[in-house]
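A short worksheet on the structure shown next.
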Amino acid sequence: MSSDEDFSLVPDSQSEDTLEGIKASIKNYKKKYDQLMEETKELTKTIQDRRDLKQQFKHRTDKLTQDLEADKRSYGDQLANEKSKLDLLKQEELKLVAEIKETNAAIKEEEANKKHLMQQADVFTSVPERDMVFKGATGNANNKQEFEMKPHIVYPMDGGTALITFEEEVVARKILELKKHQVDLGGECSITVEARPVHLMLPKLVEIDSEVSSQRILISNLPRMETETLVDKLEIHFSKTKNGGGEVADCEYLSDSETVVLTFAENIAKRVVQNEFHDLSVQKKKHTVRVTPFLNGKISNLKTKMTQCPRAVMLTGIPDIMERETLQDLLEIHFQKNTNGGGEIEAFLYNPLGEHTSAVFGGVTPDSEDEEQ
């Protein structure tokens with residue numbers, strides 16, 4: 001309804017009782033009805049427009065909510081991915097730090113080895129000179145043995161035992177197989193002894209670390225004279241500070257190499273060996289001796305093995321019933337006879353009851369290895 005239109009429900013001057021009045025009233029009400037219907041349509045349209053707008057806003061809100069949730073999930077996935085990458089980087093960093101530490105430790109170890117090798121090189125380039133004549137046979141360098149040692153073993157023996165070393169291994173094996181042996185002592189008297197194998201603990205691997213001594217020097221190219229006089233002269237010479245020396249604690253002559261090991265009371269050996277050659281006054285003549293570093297050796301790794309002596313047999317259970325020499329002769333005669341399973345004897349050692357002695361083994365050839373230690 002337009003705002004400028006003015007109407008009233010109060011009847012005008014014409015009476016509604018007349019026909020004209022009734023028509024006018026009907027016309028008036030029709031007009032009002034049309035206006036109300038028009039306004040109703042406009043309101044209906046407006047309501048529908050508002051509903052459409054509301055629906056559009058609802059669709060947009062739902063879409064924005066979905067997009068927001070999708071963005072949130074995407075951001076969460078990216079965050080988890082970046083966190084995973086960060087964890088991997090941290091692990092790589094820790095691994096690199098550990099590798100750096102290992103590398104630094106290896107570098108330090110190599111530097112220590114380098115220093116030790118340089119020290120060794122200095123020693124090997126200044127070893128005492130000695131004329132040598134080669135009389136051996138050449139061979140393959142790959143098969144050489146850098147260290148060879150012949151054992152010298154002291155084997156303790158209990159009382160009432162005897163140690164027999166046969167010339168042949170087969171005899172020793174036969175005696176051990178028989179185990180129990182009845183030895184005739186004459187006059188219807190006999191004893192029963194038991195044969196047992198002899199096991200020795202021998203070195204299988206020996207590793208020796210060497211280092212330059214800070215107190216000892218090795219003196220070579222010595223003059224020909226009495227050992228005691230030579231040692232005194234060297235001790236006097238190297239005790240003087242003008243010769244680079246100091247107080248001498250010990251001076252030992254090594255007859256096998258014809259050299260002298262001189263030990264100072266203080267760590268001055270490095271200073272002394274800087275002057276390689278020293279002149280000594282010998283019978284009013286000068287004689288030049290050579291001074292080189294002395295190597296101290298220390299066993300760093302030792303592995304042993306139990307080895308059975310292939311030609312040795314230990315007899316046990318021997319009673320003390322007669323003189324030592326007589327009983328030893330009877331035992332030796334018994335085990336030399338082929339009829340008793342014996343053979344030629346290389347060595348025989350008898351230890352009576354109540355006594356303690358030791359047998360010495362040298363150059364033992366391994367026969368069997370029971371265990372390593």
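Each chain in the structure tokens gets a letter, A, B and so on, in the order shown; residues start at 1 in every chain, and ligands are counted from 1 in the order they appear.
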Neighbour list for stretch 302-316 of chain A as a PDB file with N, CA and C atoms, in the first residue's frame, cut-off 10 Å, only C-alpha atoms, skip fewer than 4 positions in-chain:
```pdb
ATOM      1  N   MET A 157     108.064 -81.918  38.909  1.00  0.00           N
ATOM      2  CA  MET A 157     107.699 -83.333  39.045  1.00  0.00           C
ATOM      3  C   MET A 157     107.339 -83.629  40.496  1.00  0.00           C
ATOM      4  N   ASP A 158     106.252 -84.383  40.662  1.00  0.00           N
ATOM      5  CA  ASP A 158     105.863 -84.828  42.001  1.00  0.00           C
ATOM      6  C   ASP A 158     106.744 -85.998  42.436  1.00  0.00           C
ATOM      7  N   GLY A 159     106.726 -86.301  43.742  1.00  0.00           N
ATOM      8  CA  GLY A 159     107.455 -87.454  44.236  1.00  0.00           C
ATOM      9  C   GLY A 159     106.818 -88.753  43.780  1.00  0.00           C
ATOM     10  N   GLY A 160     107.641 -89.789  43.570  1.00  0.00           N
ATOM     11  CA  GLY A 160     107.124 -91.078  43.130  1.00  0.00           C
ATOM     12  C   GLY A 160     106.797 -91.104  41.655  1.00  0.00           C
ATOM     13  N   THR A 161     107.495 -90.288  40.858  1.00  0.00           N
ATOM     14  CA  THR A 161     107.261 -90.249  39.410  1.00  0.00           C
ATOM     15  C   THR A 161     108.593 -90.365  38.672  1.00  0.00           C
ATOM     16  N   ALA A 162     108.496 -90.710  37.396  1.00  0.00           N
ATOM     17  CA  ALA A 162     109.678 -90.768  36.527  1.00  0.00           C
ATOM     18  C   ALA A 162     109.290 -90.247  35.156  1.00  0.00           C
ATOM     19  N   LEU A 163     110.193 -89.489  34.560  1.00  0.00           N
ATOM     20  CA  LEU A 163     109.958 -88.917  33.233  1.00  0.00           C
ATOM     21  C   LEU A 163     110.885 -89.590  32.236  1.00  0.00           C
ATOM     22  N   ILE A 164     110.289 -90.204  31.209  1.00  0.00           N
ATOM     23  CA  ILE A 164     111.062 -90.899  30.178  1.00  0.00           C
ATOM     24  C   ILE A 164     110.885 -90.179  28.852  1.00  0.00           C
ATOM     25  N   THR A 165     111.999 -89.916  28.173  1.00  0.00           N
ATOM     26  CA  THR A 165     111.960 -89.375  26.819  1.00  0.00           C
ATOM     27  C   THR A 165     112.532 -90.427  25.885  1.00  0.00           C
ATOM     28  N   PHE A 166     111.683 -90.980  24.998  1.00  0.00           N
ATOM     29  CA  PHE A 166     112.111 -92.001  24.050  1.00  0.00           C
ATOM     30  C   PHE A 166     112.676 -91.342  22.794  1.00  0.00           C
ATOM     31  N   GLU A 167     113.455 -92.102  22.047  1.00  0.00           N
ATOM     32  CA  GLU A 167     114.016 -91.581  20.797  1.00  0.00           C
ATOM     33  C   GLU A 167     112.973 -91.560  19.688  1.00  0.00           C
ATOM     34  N   GLU A 168     111.961 -92.429  19.785  1.00  0.00           N
ATOM     35  CA  GLU A 168     110.936 -92.507  18.746  1.00  0.00           C
ATOM     36  C   GLU A 168     109.551 -92.250  19.338  1.00  0.00           C
ATOM     37  N   GLU A 169     108.744 -91.538  18.590  1.00  0.00           N
ATOM     38  CA  GLU A 169     107.392 -91.195  19.052  1.00  0.00           C
ATOM     39  C   GLU A 169     106.512 -92.432  19.143  1.00  0.00           C
ATOM     40  N   VAL A 170     106.719 -93.387  18.217  1.00  0.00           N
ATOM     41  CA  VAL A 170     105.858 -94.565  18.182  1.00  0.00           C
ATOM     42  C   VAL A 170     106.000 -95.377  19.469  1.00  0.00           C
ATOM     43  N   VAL A 171     107.181 -95.375  20.067  1.00  0.00           N
ATOM     44  CA  VAL A 171     107.386 -96.107  21.315  1.00  0.00           C
ATOM     45  C   VAL A 171     106.605 -95.449  22.437  1.00  0.00           C
ATOM     46  N   ALA A 172     106.662 -94.121  22.490  1.00  0.00           N
ATOM     47  CA  ALA A 172     105.934 -93.393  23.534  1.00  0.00           C
ATOM     48  C   ALA A 172     104.434 -93.631  23.406  1.00  0.00           C
ATOM     49  N   ARG A 173     103.933 -93.664  22.166  1.00  0.00           N
ATOM     50  CA  ARG A 173     102.496 -93.897  21.966  1.00  0.00           C
ATOM     51  C   ARG A 173     102.111 -95.299  22.434  1.00  0.00           C
ATOM     52  N   ILE A 175     103.602 -97.108  24.780  1.00  0.00           N
ATOM     53  CA  ILE A 175     103.641 -97.156  26.239  1.00  0.00           C
ATOM     54  C   ILE A 175     102.387 -96.512  26.823  1.00  0.00           C
ATOM     55  N   LEU A 176     101.930 -95.424  26.233  1.00  0.00           N
ATOM     56  CA  LEU A 176     100.729 -94.736  26.720  1.00  0.00           C
ATOM     57  C   LEU A 176      99.482 -95.569  26.471  1.00  0.00           C
ATOM     58  N   LYS A 179      99.244 -98.181  29.129  1.00  0.00           N
ATOM     59  CA  LYS A 179      98.871 -97.459  30.343  1.00  0.00           C
ATOM     60  C   LYS A 179      99.453 -98.093  31.614  1.00  0.00           C
ATOM     61  N   LYS A 180      98.983 -99.316  32.021  1.00  0.00           N
ATOM     62  CA  LYS A 180      99.474 -99.979  33.235  1.00  0.00           C
ATOM     63  C   LYS A 180     100.660-100.881  32.882  1.00  0.00           C
ATOM     64  N   HIS A 181     101.735-100.771  33.672  1.00  0.00           N
ATOM     65  CA  HIS A 181     102.934-101.542  33.398  1.00  0.00           C
ATOM     66  C   HIS A 181     103.416-102.192  34.697  1.00  0.00           C
ATOM     67  N   THR A 192     103.593-101.962  40.036  1.00  0.00           N
ATOM     68  CA  THR A 192     102.764-101.541  38.899  1.00  0.00           C
ATOM     69  C   THR A 192     102.754-100.011  38.823  1.00  0.00           C
ATOM     70  N   VAL A 193     103.156 -99.503  37.680  1.00  0.00           N
ATOM     71  CA  VAL A 193     103.187 -98.049  37.466  1.00  0.00           C
ATOM     72  C   VAL A 193     102.225 -97.701  36.333  1.00  0.00           C
ATOM     73  N   GLU A 194     101.829 -96.448  36.295  1.00  0.00           N
ATOM     74  CA  GLU A 194     100.886 -95.967  35.272  1.00  0.00           C
ATOM     75  C   GLU A 194     101.575 -94.934  34.384  1.00  0.00           C
ATOM     76  N   ALA A 195     101.415 -95.099  33.067  1.00  0.00           N
ATOM     77  CA  ALA A 195     102.018 -94.173  32.096  1.00  0.00           C
ATOM     78  C   ALA A 195     101.006 -93.094  31.718  1.00  0.00           C
ATOM     79  N   ARG A 196     101.426 -91.878  31.824  1.00  0.00           N
ATOM     80  CA  ARG A 196     100.548 -90.748  31.493  1.00  0.00           C
ATOM     81  C   ARG A 196     101.250 -89.822  30.502  1.00  0.00           C
ATOM     82  N   PRO A 197     100.459 -89.155  29.646  1.00  0.00           N
ATOM     83  CA  PRO A 197     101.081 -88.203  28.706  1.00  0.00           C
ATOM     84  C   PRO A 197     101.563 -86.956  29.438  1.00  0.00           C
ATOM     85  N   VAL A 198     102.513 -86.281  28.832  1.00  0.00           N
ATOM     86  CA  VAL A 198     103.072 -85.042  29.396  1.00  0.00           C
ATOM     87  C   VAL A 198     102.561 -83.871  28.569  1.00  0.00           C
ATOM     88  N   HIS A 199     101.822 -82.974  29.226  1.00  0.00           N
ATOM     89  CA  HIS A 199     101.298 -81.787  28.552  1.00  0.00           C
ATOM     90  C   HIS A 199     102.028 -80.550  29.059  1.00  0.00           C
ATOM     91  N   LEU A 200     102.411 -79.711  28.118  1.00  0.00           N
ATOM     92  CA  LEU A 200     103.113 -78.470  28.448  1.00  0.00           C
ATOM     93  C   LEU A 200     102.343 -77.292  27.877  1.00  0.00           C
ATOM     94  N   MET A 201     102.390 -76.180  28.609  1.00  0.00           N
ATOM     95  CA  MET A 201     101.780 -74.948  28.117  1.00  0.00           C
ATOM     96  C   MET A 201     102.842 -74.152  27.353  1.00  0.00           C
ATOM     97  N   LEU A 202     102.616 -74.014  26.044  1.00  0.00           N
ATOM     98  CA  LEU A 202     103.580 -73.322  25.181  1.00  0.00           C
ATOM     99  C   LEU A 202     102.950 -72.069  24.588  1.00  0.00           C
ATOM    100  N   PRO A 203     103.762 -71.090  24.273  1.00  0.00           N
ATOM    101  CA  PRO A 203     103.224 -69.885  23.633  1.00  0.00           C
ATOM    102  C   PRO A 203     102.839 -70.163  22.186  1.00  0.00           C
ATOM    103  N   LYS A 204     101.669 -69.687  21.799  1.00  0.00           N
ATOM    104  CA  LYS A 204     101.215 -69.813  20.413  1.00  0.00           C
ATOM    105  C   LYS A 204     101.371 -68.501  19.662  1.00  0.00           C
ATOM    106  N   LEU A 205     101.123 -67.394  20.353  1.00  0.00           N
ATOM    107  CA  LEU A 205     101.252 -66.072  19.747  1.00  0.00           C
ATOM    108  C   LEU A 205     101.848 -65.135  20.775  1.00  0.00           C
ATOM    109  N   VAL A 206     102.895 -64.442  20.383  1.00  0.00           N
ATOM    110  CA  VAL A 206     103.529 -63.457  21.261  1.00  0.00           C
ATOM    111  C   VAL A 206     103.665 -62.153  20.480  1.00  0.00           C
ATOM    112  N   GLU A 207     103.037 -61.110  20.976  1.00  0.00           N
ATOM    113  CA  GLU A 207     103.158 -59.778  20.378  1.00  0.00           C
ATOM    114  C   GLU A 207     103.851 -58.865  21.383  1.00  0.00           C
ATOM    115  N   ILE A 208     104.903 -58.213  20.922  1.00  0.00           N
ATOM    116  CA  ILE A 208     105.710 -57.367  21.798  1.00  0.00           C
ATOM    117  C   ILE A 208     105.693 -55.940  21.275  1.00  0.00           C
ATOM    118  N   LEU A 331     113.847 -99.550  36.279  1.00  0.00           N
ATOM    119  CA  LEU A 331     112.777 -98.955  35.462  1.00  0.00           C
ATOM    120  C   LEU A 331     113.261 -98.678  34.045  1.00  0.00           C
ATOM    121  N   ILE A 345     115.853 -95.232  24.865  1.00  0.00           N
ATOM    122  CA  ILE A 345     115.532 -94.095  25.730  1.00  0.00           C
ATOM    123  C   ILE A 345     116.586 -93.009  25.544  1.00  0.00           C
ATOM    124  N   GLU A 346     116.124 -91.809  25.331  1.00  0.00           N
ATOM    125  CA  GLU A 346     117.030 -90.658  25.195  1.00  0.00           C
ATOM    126  C   GLU A 346     117.380 -90.053  26.545  1.00  0.00           C
ATOM    127  N   ALA A 347     116.377 -89.968  27.452  1.00  0.00           N
ATOM    128  CA  ALA A 347     116.621 -89.398  28.783  1.00  0.00           C
ATOM    129  C   ALA A 347     115.668 -90.040  29.774  1.00  0.00           C
ATOM    130  N   PHE A 348     116.143 -90.214  31.014  1.00  0.00           N
ATOM    131  CA  PHE A 348     115.319 -90.818  32.066  1.00  0.00           C
ATOM    132  C   PHE A 348     115.598 -90.059  33.366  1.00  0.00           C
ATOM    133  N   LEU A 349     114.523 -89.583  34.008  1.00  0.00           N
ATOM    134  CA  LEU A 349     114.673 -88.834  35.262  1.00  0.00           C
ATOM    135  C   LEU A 349     113.682 -89.390  36.274  1.00  0.00           C
ATOM    136  N   TYR A 350     114.214 -89.870  37.404  1.00  0.00           N
ATOM    137  CA  TYR A 350     113.375 -90.460  38.457  1.00  0.00           C
ATOM    138  C   TYR A 350     113.397 -89.554  39.685  1.00  0.00           C
ATOM    139  N   PHE A 361     112.517 -78.870  29.532  1.00  0.00           N
ATOM    140  CA  PHE A 361     112.201 -79.169  28.139  1.00  0.00           C
ATOM    141  C   PHE A 361     112.688 -78.016  27.278  1.00  0.00           C
ATOM    142  N   VAL A 364     110.544 -78.095  22.148  1.00  0.00           N
ATOM    143  CA  VAL A 364     109.455 -79.066  22.108  1.00  0.00           C
ATOM    144  C   VAL A 364     108.714 -78.954  20.789  1.00  0.00           C
ATOM    145  N   THR A 365     108.484 -80.086  20.145  1.00  0.00           N
ATOM    146  CA  THR A 365     107.723 -80.116  18.898  1.00  0.00           C
ATOM    147  C   THR A 365     106.266 -80.409  19.209  1.00  0.00           C
ATOM    148  N   PRO A 366     105.330 -79.554  18.799  1.00  0.00           N
ATOM    149  CA  PRO A 366     103.918 -79.768  19.115  1.00  0.00           C
ATOM    150  C   PRO A 366     103.406 -81.064  18.508  1.00  0.00           C
ATOM    151  N   ASP A 367     102.601 -81.752  19.305  1.00  0.00           N
ATOM    152  CA  ASP A 367     101.994 -82.992  18.821  1.00  0.00           C
ATOM    153  C   ASP A 367     100.497 -82.855  18.721  1.00  0.00           C
ATOM    154  N   SER A 368      99.874 -82.353  19.779  1.00  0.00           N
ATOM    155  CA  SER A 368      98.415 -82.152  19.760  1.00  0.00           C
ATOM    156  C   SER A 368      98.088 -80.978  20.660  1.00  0.00           C
ATOM    157  N   GLU A 369      97.043 -80.257  20.285  1.00  0.00           N
ATOM    158  CA  GLU A 369      96.622 -79.081  21.034  1.00  0.00           C
ATOM    159  C   GLU A 369      95.315 -79.360  21.735  1.00  0.00           C
ATOM    160  N   ASP A 370      95.352 -79.316  23.072  1.00  0.00           N
ATOM    161  CA  ASP A 370      94.131 -79.583  23.819  1.00  0.00           C
ATOM    162  C   ASP A 370      93.255 -78.344  23.912  1.00  0.00           C
ATOM    163  N   GLU A 371      93.856 -77.220  24.238  1.00  0.00           N
ATOM    164  CA  GLU A 371      93.077 -75.990  24.384  1.00  0.00           C
ATOM    165  C   GLU A 371      94.005 -74.791  24.291  1.00  0.00           C
ATOM    166  N   GLU A 372      93.369 -73.654  23.992  1.00  0.00           N
ATOM    167  CA  GLU A 372      94.102 -72.397  23.938  1.00  0.00           C
ATOM    168  C   GLU A 372      93.716 -71.552  25.138  1.00  0.00           C
ATOM    169  N   GLN A 373      94.662 -70.750  25.583  1.00  0.00           N
ATOM    170  CA  GLN A 373      94.400 -69.875  26.727  1.00  0.00           C
ATOM    171  C   GLN A 373      94.868 -68.489  26.383  1.00  0.00           C
TER     172      GLN A 373
END
```
**Report entry** All residues 7 Å or closer to A:Glu276, only C-alpha atoms, same chain fewer than 5 positions away omitted, as a list of chain:residue names
**Finding:** A:Arg290, A:Val291, A:Thr292
Please dump the current selection as a compact mmCIF listing (two decimals), in the first residue's frame; keep all heavy atoms.
```txt
# COMPACT_ATOMS: atom_id res chain seq x y z
N ARG A 290 129.98 -45.87 19.30
CA ARG A 290 128.71 -45.40 18.75
C ARG A 290 127.59 -45.55 19.78
O ARG A 290 127.47 -46.61 20.41
CB ARG A 290 128.36 -46.17 17.49
CG ARG A 290 127.18 -45.58 16.73
CD ARG A 290 126.84 -46.42 15.53
NE ARG A 290 125.78 -45.82 14.74
CZ ARG A 290 125.04 -46.48 13.86
NH1 ARG A 290 125.26 -47.76 13.66
NH2 ARG A 290 124.10 -45.87 13.19
N VAL A 291 126.78 -44.49 19.93
CA VAL A 291 125.68 -44.49 20.89
C VAL A 291 124.36 -44.45 20.12
O VAL A 291 124.14 -43.57 19.29
CB VAL A 291 125.78 -43.29 21.84
CG1 VAL A 291 124.60 -43.28 22.80
CG2 VAL A 291 127.08 -43.34 22.62
N THR A 292 123.49 -45.39 20.40
CA THR A 292 122.18 -45.47 19.75
C THR A 292 121.10 -45.66 20.81
O THR A 292 121.38 -46.09 21.94
CB THR A 292 122.12 -46.63 18.75
OG1 THR A 292 122.51 -47.84 19.42
CG2 THR A 292 123.05 -46.39 17.58
```
Query raised in the report: Skipping near chain neighbours, those fewer than 6 positions away, what residues fall within 6 Å of A:Arg216 using only C-alpha atoms, listed as a list in words?
Result: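 Surrounding residues, per the criterion: Leu262, Thr263, Ala269 and Phe294 of chain A.
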Query - Filtered DSSP result for stretch 179-332 of chain A, state helix (DSSP H, G or I), as a PyMOL selection string - result: chain A and resi 227-238+241-243+269-273+324-332
Could you write out the selected residues, including C-alpha atoms, as a PDB file, in the first residue's frame?
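Listing of result-v1.pdb after writing:
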```pdb
ATOM      1  CA  THR A 227     135.243 -56.129  30.246  1.00  0.00           C
ATOM      2  CA  GLU A 228     135.557 -54.659  33.733  1.00  0.00           C
ATOM      3  CA  THR A 229     137.955 -51.928  32.574  1.00  0.00           C
ATOM      4  CA  LEU A 230     135.751 -51.160  29.553  1.00  0.00           C
ATOM      5  CA  VAL A 231     132.618 -50.843  31.691  1.00  0.00           C
ATOM      6  CA  ASP A 232     134.448 -48.511  34.128  1.00  0.00           C
ATOM      7  CA  LYS A 233     135.685 -46.266  31.298  1.00  0.00           C
ATOM      8  CA  LEU A 234     132.220 -46.012  29.749  1.00  0.00           C
ATOM      9  CA  GLU A 235     130.614 -45.279  33.104  1.00  0.00           C
ATOM     10  CA  ILE A 236     133.137 -42.507  33.831  1.00  0.00           C
ATOM     11  CA  HIS A 237     132.784 -41.003  30.345  1.00  0.00           C
ATOM     12  CA  PHE A 238     128.987 -40.891  30.318  1.00  0.00           C
ATOM     13  CA  THR A 241     127.937 -33.499  31.979  1.00  0.00           C
ATOM     14  CA  LYS A 242     130.391 -32.130  29.380  1.00  0.00           C
ATOM     15  CA  ASN A 243     129.802 -35.326  27.401  1.00  0.00           C
ATOM     16  CA  ALA A 269     118.951 -40.860  27.196  1.00  0.00           C
ATOM     17  CA  LYS A 270     117.371 -38.798  24.413  1.00  0.00           C
ATOM     18  CA  ARG A 271     119.843 -35.990  25.040  1.00  0.00           C
ATOM     19  CA  VAL A 272     122.822 -38.360  25.059  1.00  0.00           C
ATOM     20  CA  VAL A 273     121.972 -40.107  21.749  1.00  0.00           C
ATOM     21  CA  ARG A 324     117.143 -94.423  44.046  1.00  0.00           C
ATOM     22  CA  GLU A 325     119.829 -95.425  41.520  1.00  0.00           C
ATOM     23  CA  THR A 326     118.909 -99.121  41.655  1.00  0.00           C
ATOM     24  CA  LEU A 327     115.196 -98.484  41.121  1.00  0.00           C
ATOM     25  CA  GLN A 328     115.925 -96.016  38.323  1.00  0.00           C
ATOM     26  CA  ASP A 329     118.145 -98.582  36.552  1.00  0.00           C
ATOM     27  CA  LEU A 330     115.466-101.285  36.835  1.00  0.00           C
ATOM     28  CA  LEU A 331     112.777 -98.955  35.462  1.00  0.00           C
ATOM     29  CA  GLU A 332     114.995 -97.849  32.610  1.00  0.00           C
TER      30      GLU A 332
END
```
Query raised in the report: Tell me, which residues of stretch 133-371 of chain A carry DSSP strand (DSSP E or B), written as a PyMOL selection string?
Result: chain A and resi 152-157+161-166+180-186+189-220+248-254+259-264+277-282+285-316+345-351+357-362+369-371
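Between atom CA of A:Leu218 and atom CA of A:Ala265 there is a distance of 15.3 Å.
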